[in-house]
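In what follows, a single structure is set out as C-alpha cells and then discussed.
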Amino acid sequence: MYEITVSAAFEAAHFIDGYNGKCARLHGHNWRVEAIVRGENLDKLGMLIDFKILKSELNKVLEDFDHRFLNEQETFSKENPTAENLARKIFERLALSEIFSGSTKLYAVKVHESPNSCVMYYE
C-alpha cells in the first residue's frame, strides 16, 4: 500500500454560531489543507498519482473557499463552518474527481486552522 500527501492553503473568515467563547466572533484563518491518497498499484512511471495533478485538483476545490466569509457560503447554510465540517466538505468534493480510479482512492483530508490545531476527515 502506498500513501501520498499534498497540501495547499487558502485564507477565509468565519464564526461559530452558538459557541461560548472567542470563536463566536468573526475571525479569520490561514487554513492549510492536506489531501491524503492511498492505493496499491503504481502506473507505468512508478507513480501512485502525479503530485502535480492531485495538487491541482485540491486547489480547484479550495477556490470556492479562498478569501470568503464561510458562513455566507451555500455550503454552510445548514451547519457551522467548523474545521470538522470544512474537512468533510473538501473531502466530499475532492473525492468526486476523475483522477481517482482502481485502487487509488482519496483516503483523508486534513484541515489545519492554525499551526497547532487540525482535524482529519476520512470515510
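Every chain in the C-alpha cells takes a letter, A first, then B, and so on in the order presented; its residues are numbered from 1, and the ligands are numbered from 1 following the presented order.
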
Region 7-22 of chain A surroundings by only C-alpha atoms, 12 Å radius, close-in-sequence under 4 positions cut, as a ChimeraX atom specification: /A:26-37,51-52,54-73,76-86,90,108-114

Surrounding residues of Ser101 (chain A) excluding itself and chain neighbours under 4 positions, 12 Å, only C-alpha atoms, as a ChimeraX atom specification: /A:37-43,48-49,95-97,105-106

Picked from region 23-111 of chain A by DSSP as alpha helix (DSSP H), as a PyMOL selection string: chain A and resi 51-62+83-95

Those same residues - C-alpha atoms - I'd like them written as a CSV table (one decimal), in the first residue's frame.
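Result went into out16.csv, see below:
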chain,number,residue,atom,x,y,z
A,51,PHE,CA,1.6,15.1,-7.2
A,52,LYS,CA,1.0,17.9,-9.6
A,53,ILE,CA,-2.4,16.6,-10.7
A,54,LEU,CA,-3.5,15.9,-7.2
A,55,LYS,CA,-2.5,19.4,-6.0
A,56,SER,CA,-4.2,21.0,-9.0
A,57,GLU,CA,-7.5,19.1,-8.1
A,58,LEU,CA,-7.2,20.1,-4.5
A,59,ASN,CA,-6.7,23.8,-5.5
A,60,LYS,CA,-9.8,23.7,-7.7
A,61,VAL,CA,-11.8,22.6,-4.7
A,62,LEU,CA,-10.3,25.3,-2.4
A,83,ALA,CA,-12.8,22.9,10.7
A,84,GLU,CA,-14.5,19.5,11.1
A,85,ASN,CA,-17.3,20.4,8.6
A,86,LEU,CA,-14.9,22.1,6.3
A,87,ALA,CA,-12.7,18.9,6.2
A,88,ARG,CA,-15.8,16.8,5.3
A,89,LYS,CA,-16.9,19.2,2.6
A,90,ILE,CA,-13.5,19.3,1.0
A,91,PHE,CA,-13.2,15.5,1.1
A,92,GLU,CA,-16.6,15.0,-0.5
A,93,ARG,CA,-15.9,17.4,-3.3
A,94,LEU,CA,-12.3,16.2,-4.0
A,95,ALA,CA,-13.4,12.5,-3.9

Sel. of strand (DSSP E) residues, region 29-62 of chain A, as a list of chain:residue names: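 The strand (DSSP E) subset of region 29-62 of chain A is A:His29, A:Asn30, A:Trp31, A:Arg32, A:Val33, A:Glu34, A:Ala35, A:Ile36, A:Val37, A:Arg38, A:Gly39.
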
Just write the chosen residues, N, CA and C atoms, as a short mmCIF file (atom, residue, chain, number, x, y, z; two decimals), in the first residue's frame.
data_model
loop_
_atom_site.label_atom_id
_atom_site.label_comp_id
_atom_site.auth_asym_id
_atom_site.auth_seq_id
_atom_site.Cartn_x
_atom_site.Cartn_y
_atom_site.Cartn_z
N HIS A 29 -8.64 32.71 9.34
CA HIS A 29 -7.55 31.74 9.45
C HIS A 29 -6.79 31.68 8.14
N ASN A 30 -5.54 31.32 8.24
CA ASN A 30 -4.76 30.88 7.09
C ASN A 30 -4.83 29.36 7.12
N TRP A 31 -5.85 28.82 6.47
CA TRP A 31 -6.11 27.39 6.50
C TRP A 31 -5.08 26.65 5.65
N ARG A 32 -4.63 25.52 6.13
CA ARG A 32 -3.77 24.62 5.35
C ARG A 32 -4.49 23.29 5.25
N VAL A 33 -4.56 22.76 4.04
CA VAL A 33 -5.31 21.54 3.78
C VAL A 33 -4.38 20.49 3.18
N GLU A 34 -4.47 19.27 3.70
CA GLU A 34 -3.72 18.15 3.15
C GLU A 34 -4.70 17.14 2.58
N ALA A 35 -4.40 16.64 1.40
CA ALA A 35 -5.16 15.56 0.80
C ALA A 35 -4.28 14.32 0.81
N ILE A 36 -4.81 13.25 1.38
CA ILE A 36 -4.05 12.00 1.54
C ILE A 36 -4.69 10.94 0.66
N VAL A 37 -3.89 10.36 -0.21
CA VAL A 37 -4.37 9.35 -1.17
C VAL A 37 -3.64 8.04 -0.90
N ARG A 38 -4.40 6.96 -0.97
CA ARG A 38 -3.83 5.63 -0.80
C ARG A 38 -4.17 4.76 -1.99
N GLY A 39 -3.27 3.82 -2.26
CA GLY A 39 -3.51 2.86 -3.33
C GLY A 39 -2.44 1.80 -3.35
#
